[in-house]
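Engineer: Take a look at my_file_8.txt, compact mmCIF, C-alpha atoms:
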```
# COMPACT_ATOMS: atom_id res chain seq x y z
CA MET A 224 37.51 154.68 60.43
CA GLU A 225 33.94 155.79 60.99
CA LEU A 226 31.74 153.23 62.70
CA ILE A 227 28.63 152.16 60.85
CA SER A 228 25.18 152.42 62.42
CA ALA A 229 22.26 150.02 62.06
CA ASP A 230 19.96 152.93 61.24
CA LYS A 231 22.14 154.05 58.34
CA VAL A 232 22.24 150.52 56.95
CA ARG A 233 18.47 150.17 57.20
CA ALA A 234 18.08 153.49 55.40
CA GLU A 235 20.36 152.34 52.58
CA ILE A 236 18.43 149.07 52.20
CA ASP A 237 15.16 151.03 52.00
CA ARG A 238 16.76 153.31 49.40
CA PHE A 239 17.99 150.30 47.40
CA TRP A 240 14.49 148.80 47.13
CA LEU A 241 12.82 152.13 46.42
CA ILE A 242 15.18 152.61 43.47
CA LEU A 243 14.70 149.05 42.26
CA SER A 244 10.92 149.35 42.40
CA GLY A 245 10.97 152.67 40.54
CA LYS A 246 9.75 154.74 43.50
CA SER A 247 12.91 156.82 43.77
CA HIS A 248 14.89 158.70 41.16
CA ASP A 249 18.17 158.19 43.02
CA LYS A 250 20.80 156.37 41.04
CA LEU A 251 21.51 152.74 41.87
CA GLU A 252 25.23 153.19 41.25
CA ASP A 253 25.41 155.77 44.05
CA LEU A 254 24.69 153.00 46.56
CA TYR A 255 27.78 150.97 45.67
CA ALA A 256 31.49 151.29 46.31
CA ALA A 257 33.42 151.77 43.07
CA ASP A 258 35.08 148.38 43.57
CA GLY A 259 31.93 146.60 44.82
CA ILE A 260 31.38 142.96 43.81
CA VAL A 261 27.97 141.38 43.23
CA PHE A 262 26.17 138.12 42.46
CA THR A 263 22.85 138.98 40.87
CA GLY A 264 20.09 137.31 38.86
CA LYS A 265 21.38 134.41 36.78
CA ALA A 266 25.03 135.51 36.77
CA LYS A 267 27.27 132.47 37.09
CA ARG A 268 30.19 134.24 38.72
CA PRO A 269 30.85 137.36 40.80
CA GLU A 270 31.23 140.56 38.81
CA PRO A 271 31.94 144.25 39.42
CA ALA A 272 28.82 146.02 40.69
CA MET A 273 29.14 148.79 38.11
CA LEU A 274 29.06 146.23 35.28
CA ALA A 275 25.91 144.58 36.64
CA ILE A 276 24.22 147.98 37.10
CA ALA A 277 25.04 149.02 33.52
CA ARG A 278 23.61 145.75 32.20
CA ARG A 279 20.48 146.17 34.28
CA ALA A 280 19.98 149.72 32.95
CA ARG A 281 20.31 148.49 29.35
CA ARG A 282 17.73 145.75 29.86
CA ALA A 283 15.26 147.68 32.00
CA PRO A 284 11.97 148.15 30.14
CA ALA A 285 10.63 151.65 29.71
CA SER A 286 7.28 150.67 31.15
CA ALA A 287 7.42 148.31 34.08
CA SER A 288 5.40 148.07 37.24
CA THR A 289 7.36 146.72 40.17
CA MET A 290 6.73 145.97 43.82
CA ALA A 291 9.17 144.94 46.52
CA GLU A 292 8.59 143.70 50.05
CA VAL A 293 11.49 143.17 52.44
CA GLY A 294 11.39 140.64 55.30
CA THR A 295 13.09 140.71 58.69
CA LEU A 296 16.58 142.16 58.59
CA GLU A 297 19.51 140.51 60.38
CA LEU A 298 22.55 142.70 60.95
CA GLN A 299 26.08 141.86 62.05
CA ILE A 300 28.16 144.96 62.66
CA THR A 301 31.97 144.98 62.99
CA GLY A 302 33.54 148.44 63.15
CA ASP A 303 32.91 150.17 59.82
CA VAL A 304 31.37 147.07 58.18
CA ALA A 305 27.82 145.73 58.42
CA VAL A 306 26.59 142.43 57.02
CA ALA A 307 22.87 142.59 56.27
CA SER A 308 20.84 139.51 55.40
CA TYR A 309 17.12 139.34 54.74
CA THR A 310 14.44 137.84 52.54
CA TYR A 311 12.40 139.71 49.97
CA LYS A 312 9.54 139.40 47.50
CA TYR A 313 9.83 141.17 44.17
CA GLN A 314 7.18 141.45 41.52
CA GLU A 315 7.77 142.94 38.08
CA GLU A 316 5.22 143.39 35.33
CA LYS A 317 6.29 144.77 31.97
CA MET A 318 5.16 145.37 28.42
CA SER A 319 7.14 143.87 25.58
CA SER A 320 6.50 143.00 21.93
CA GLY A 321 4.97 139.72 23.09
CA GLY A 322 2.47 141.44 25.39
CA ARG A 323 2.34 141.95 29.12
CA SER A 324 4.49 139.60 31.18
CA GLN A 325 5.27 139.22 34.84
CA ARG A 326 8.03 137.82 36.98
CA ASN A 327 7.46 137.08 40.66
CA THR A 328 10.33 136.31 43.00
CA LEU A 329 8.58 134.95 46.08
CA TYR A 330 11.55 133.59 47.98
CA GLY A 331 14.29 136.13 47.37
CA ARG A 332 17.31 136.14 49.67
CA ALA A 333 19.70 139.05 50.03
CA THR A 334 23.13 139.47 51.55
CA GLN A 335 24.51 142.99 51.37
CA VAL A 336 27.78 144.02 52.95
CA PHE A 337 28.04 147.73 53.72
CA GLN A 338 31.14 149.73 54.60
CA THR A 339 31.65 153.35 55.52
CA ASP A 340 33.90 155.08 52.98
CA ARG A 341 36.49 157.81 53.60
CA LYS A 342 33.83 160.50 53.26
CA GLY A 343 31.61 158.81 55.84
CA ALA A 344 29.11 157.52 53.28
CA VAL A 345 27.73 154.00 53.64
CA LYS A 346 28.29 151.95 50.45
CA ILE A 347 27.55 148.39 49.38
CA VAL A 348 30.87 146.61 48.91
CA HIS A 349 29.41 143.15 48.31
CA GLU A 350 25.98 141.85 47.36
CA HIS A 351 24.51 138.41 46.75
CA LEU A 352 20.88 138.23 45.61
CA SER A 353 19.29 134.86 44.90
CA ALA A 354 16.00 132.98 44.99
CA ALA A 355 15.38 129.77 46.92
CA VAL A 356 12.71 128.86 44.37
CA ALA A 357 12.95 129.85 40.70
CA PRO A 358 10.92 133.00 39.99
CA ASP A 359 7.45 132.48 38.60
CA GLU A 360 7.44 133.89 35.07
CA GLY A 361 4.71 134.14 32.47
CA ALA A 362 2.02 136.23 30.89
CA ALA A 363 0.53 138.80 33.22
CA LYS A 364 -2.92 138.03 34.59
CA PRO A 365 -5.71 140.21 33.17
CA LYS A 366 -6.67 143.07 35.46
CA MET B 94 47.86 143.21 63.55
CA ASP B 95 48.97 141.95 60.13
CA PRO B 96 46.49 142.57 57.34
CA ILE B 97 44.57 139.59 56.00
CA SER B 98 45.83 138.34 52.65
CA ALA B 99 43.76 136.97 49.78
CA ALA B 100 45.87 133.80 49.91
CA GLN B 101 44.83 133.17 53.53
CA ILE B 102 41.15 133.44 52.62
CA LYS B 103 41.57 131.13 49.62
CA THR B 104 43.16 128.59 51.98
CA GLU B 105 40.12 128.87 54.28
CA VAL B 106 37.76 128.27 51.35
CA LYS B 107 39.76 125.17 50.43
CA LYS B 108 39.55 123.99 54.06
CA PHE B 109 35.77 124.45 53.96
CA TRP B 110 35.29 122.28 50.87
CA ASP B 111 37.83 119.69 52.04
CA ALA B 112 35.96 119.38 55.37
CA PHE B 113 32.61 119.20 53.56
CA ALA B 114 33.73 116.56 51.04
CA SER B 115 35.53 114.45 53.65
CA LYS B 116 32.53 114.71 56.04
CA SER B 117 34.78 116.05 58.78
CA LYS B 118 32.20 117.19 61.37
CA SER B 119 34.64 118.91 63.71
CA GLY B 120 36.65 120.46 60.87
CA PHE B 121 33.45 121.78 59.37
CA GLN B 122 32.04 123.23 62.59
CA ASP B 123 35.35 124.86 63.49
CA LEU B 124 35.11 127.02 60.39
CA TYR B 125 32.02 128.84 61.64
CA SER B 126 31.53 131.48 64.28
CA PRO B 127 28.98 130.36 66.94
CA THR B 128 26.81 133.30 65.86
CA ALA B 129 27.10 132.72 62.10
CA THR B 130 24.05 133.05 59.85
CA VAL B 131 23.65 131.03 56.68
CA PHE B 132 21.55 131.05 53.53
CA SER B 133 21.74 127.46 52.29
CA ALA B 134 21.29 126.92 48.55
CA ASP B 135 17.62 126.01 48.89
CA GLY B 136 16.74 127.71 52.19
CA ARG B 137 13.86 130.16 52.07
CA ARG B 138 15.32 132.15 54.94
CA SER B 139 18.63 132.43 56.75
CA GLU B 140 19.30 130.06 59.61
CA PRO B 141 21.73 130.06 62.54
CA GLY B 142 25.01 128.27 61.78
CA ARG B 143 24.37 125.77 64.60
CA LEU B 144 21.08 124.68 63.04
CA MET B 145 22.75 124.36 59.63
CA TRP B 146 25.46 122.06 61.10
CA VAL B 147 22.84 119.67 62.45
CA ARG B 148 20.97 119.60 59.14
CA ARG B 149 24.07 119.23 56.97
CA GLU B 150 25.44 116.47 59.21
CA ARG B 151 22.17 114.58 58.91
CA GLU B 152 21.77 115.10 55.17
CA PHE B 153 25.35 115.13 53.87
CA PHE B 154 27.67 113.46 56.37
CA GLY B 155 25.93 110.09 56.76
CA PRO B 156 27.31 106.84 55.28
CA LYS B 157 24.82 106.91 52.40
CA SER B 158 25.60 110.48 51.39
CA SER B 159 28.48 111.90 49.42
CA VAL B 160 29.67 115.39 48.58
CA GLY B 161 31.99 116.66 45.90
CA ALA B 162 32.81 120.15 44.72
CA LYS B 163 35.02 121.90 42.23
CA VAL B 164 35.67 125.52 43.13
CA GLY B 165 36.18 128.21 40.47
CA GLU B 166 38.10 131.47 40.70
CA ILE B 167 37.84 133.03 44.15
CA VAL B 168 37.43 136.80 44.42
CA VAL B 169 38.60 138.09 47.80
CA GLN B 170 37.67 141.49 49.23
CA VAL B 171 39.68 142.40 52.31
CA LEU B 172 37.49 144.85 54.25
CA GLY B 173 39.69 145.44 57.27
CA PRO B 174 42.38 143.95 59.49
CA ASN B 175 40.09 141.10 60.57
CA LEU B 176 37.35 140.83 57.95
CA ALA B 177 37.22 139.57 54.35
CA VAL B 178 34.66 138.38 51.81
CA ALA B 179 35.21 135.44 49.45
CA ALA B 180 32.98 135.14 46.37
CA TYR B 181 33.28 132.32 43.88
CA PRO B 182 31.46 129.90 41.58
CA PHE B 183 31.46 126.17 42.29
CA HIS B 184 30.23 122.92 40.81
CA PHE B 185 28.53 120.85 43.49
CA SER B 186 27.69 117.13 43.22
CA VAL B 187 25.90 115.55 46.12
CA ILE B 188 23.93 112.53 47.22
CA ARG B 189 21.73 113.70 50.06
CA SER B 190 19.84 111.63 52.64
CA LEU B 191 16.39 113.02 53.39
CA PRO B 192 14.58 112.75 56.74
CA ASN B 193 12.18 110.15 55.26
CA GLY B 194 15.11 107.84 54.50
CA SER B 195 15.12 108.42 50.75
CA ARG B 196 18.16 109.73 48.90
CA VAL B 197 18.44 112.24 46.10
CA GLN B 198 21.25 113.05 43.72
CA ILE B 199 21.76 116.75 43.09
CA GLU B 200 24.00 118.36 40.50
CA VAL B 201 24.59 122.07 40.85
CA PRO B 202 26.82 123.06 37.92
CA PHE B 203 26.51 126.77 38.56
CA GLY B 204 26.74 127.17 42.33
CA ARG B 205 27.62 130.58 43.75
CA ALA B 206 29.13 131.26 47.16
CA THR B 207 29.63 134.28 49.35
CA GLN B 208 31.47 133.60 52.62
CA ILE B 209 32.42 136.31 55.07
CA PHE B 210 35.41 135.46 57.24
CA GLN B 211 36.41 137.13 60.49
CA LEU B 212 39.70 136.61 62.27
CA ASP B 213 38.87 135.80 65.91
CA GLU B 214 40.87 136.60 69.06
CA GLN B 215 42.67 133.26 68.84
CA GLY B 216 43.89 134.07 65.33
CA ALA B 217 41.53 131.63 63.59
CA PHE B 218 39.30 132.54 60.67
CA ARG B 219 35.59 131.93 61.22
CA ILE B 220 32.72 132.28 58.78
CA ILE B 221 30.27 134.81 60.18
CA HIS B 222 27.89 134.70 57.21
CA GLU B 223 27.43 132.41 54.22
CA HIS B 224 25.16 132.66 51.19
CA LEU B 225 25.04 129.73 48.77
CA SER B 226 22.84 129.75 45.67
CA SER B 227 22.49 128.36 42.18
CA ALA B 228 22.43 130.47 39.02
CA GLU B 229 20.07 127.93 37.44
CA PRO B 230 17.17 125.90 38.84
CA VAL B 231 18.25 122.52 40.22
CA ALA B 232 16.27 119.29 39.76
CA PRO B 233 17.01 116.63 42.42
CA LYS B 234 16.88 113.07 41.12
CA GLU B 235 15.53 110.44 43.51
CA LEU B 236 17.76 107.39 43.89
CA PRO B 237 16.64 103.83 44.55
CA ALA B 238 17.11 103.06 48.27
CA GLU B 239 19.11 99.84 47.77
CA ILE B 240 21.87 101.22 45.53
CA ALA B 241 24.99 102.41 47.33
CA PRO B 242 26.41 105.83 46.46
CA SER B 243 28.94 105.73 43.65
CA GLY B 244 31.03 108.56 45.12
CA ALA B 245 30.14 111.89 43.63
CA ARG B 246 33.05 114.13 42.86
```
Go ahead and render the structure in this file as structure tokens.
Structural biologist:
Amino acid sequence: MELISADKVRAEIDRFWLILSGKSHDKLEDLYAADGIVFTGKAKRPEPAMLAIARRARRAPASASTMAEVGTLELQITGDVAVASYTYKYQEEKMSSGGRSQRNTLYGRATQVFQTDRKGAVKIVHEHLSAAVAPDEGAAKPK
Amino acid sequence: MDPISAAQIKTEVKKFWDAFASKSKSGFQDLYSPTATVFSADGRRSEPGRLMWVRREREFFGPKSSVGAKVGEIVVQVLGPNLAVAAYPFHFSVIRSLPNGSRVQIEVPFGRATQIFQLDEQGAFRIIHEHLSSAEPVAPKELPAEIAPSGAR
């Protein structure tokens, strides 16, 4: 069992948000354990991470502008497992047939559980993303 | 040390909701590690478990409040000899007392829970982190002050 370090976890969280905001070409699925479980978006029950990632890839618009801001990180480390919890803001603006629209998650909350795998890589084994207040959705403001 | 079983964790989840619904203050507090962190369903940031106890006792455990929950299928991930994650949907019905004395009825048909349990040195499971949320926006309904709670499920 390889112990997990706070620095590695922070690096993986940074990587996660860089991918989600389109600023990294790394693959989202590389961050997760093959048997990872997630609660994301409006999903009503937990589901395999790989299923949620595939759905997200299908729905992702070709042209979207996104921005993410992560709040203070709290970490609880036990051996090869780290429980990370933090708040975030996420803004997405995209083009669709109906015009330009935006979705702002101002009070996002994240729990991500990381574990070191047999090869020493840090993977997300469990994730719960939610919003304390429903995201603000509507037509994008003119620039 | 014996490995944790999924059945043990499901029993702990049942204990949690039984303690919550029966307003058992000590039973409820015993389920948490003193250093636990919690995202409540409507909390904008995580809070220490101890702070959450005080708030939940005030809002949910008083004579004019009631709590009911129906838990869905529980997915258990055993991460080691003393650590496991439980993830599940739940239907939550509550009458909550607010600090200003008013009461609100809240129905959360699509609640979602993540609870991380750790086996402590005494052999008891404690929640070290909890994240509750709703898949859909929730609209609290204000209740008249004079009407007694009807006993939410």
Engineer: Compare B:Trp146, B:Phe210, B:Phe153, B:Phe203 by their minimum atom-to-atom distance to Val106 of chain B, counting all atoms listed in the file, and give me the closest one.
Structural biologist: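 That would be B:Phe210, the residue with the smallest distance to Val106 of chain B.
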Engineer: Could you list, as a count of residues only, every residue of chain B that has an atom within 6 Å of an atom of chain A, counting all atoms listed in the file?
Structural biologist: 6
Engineer: With distances taken over only C-alpha atoms, which of B:Gln170, B:Ser139, B:Ser158, B:Ser115 is nearest to Ile209 of chain B?
Structural biologist: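 Result for the nearest residue to Ile209 of chain B: B:Gln170.
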Engineer: What's the separation between atom CA of Ile199 of chain B and atom CA of Lys234 of chain B, in Å to one decimal place?
Structural biologist: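 So the answer is 6.4 Å.
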Engineer: Extract, using all atoms listed in the file, all DNA, RNA and protein residues at most 10 Å from Ala257 of chain A, discarding same-chain residues fewer than 2 positions from it, and format them as a VMD selection string.
Structural biologist: chain A and resid 252 to 255 259 to 260 271 to 273 346 to 348
Engineer: Work out how far apart atom CA of Ile167 of chain B and atom CA of Gln208 of chain B are and give it in Å to one decimal.
Structural biologist: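 For atom CA of Ile167 of chain B relative to atom CA of Gln208 of chain B, the distance reads 10.6 Å.
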Engineer: Tell me, in Å to one decimal, how far atom CA of Glu292 of chain A is from atom CA of Ile236 of chain A.
Structural biologist: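 That distance, rounded to one decimal, is 11.4 Å.
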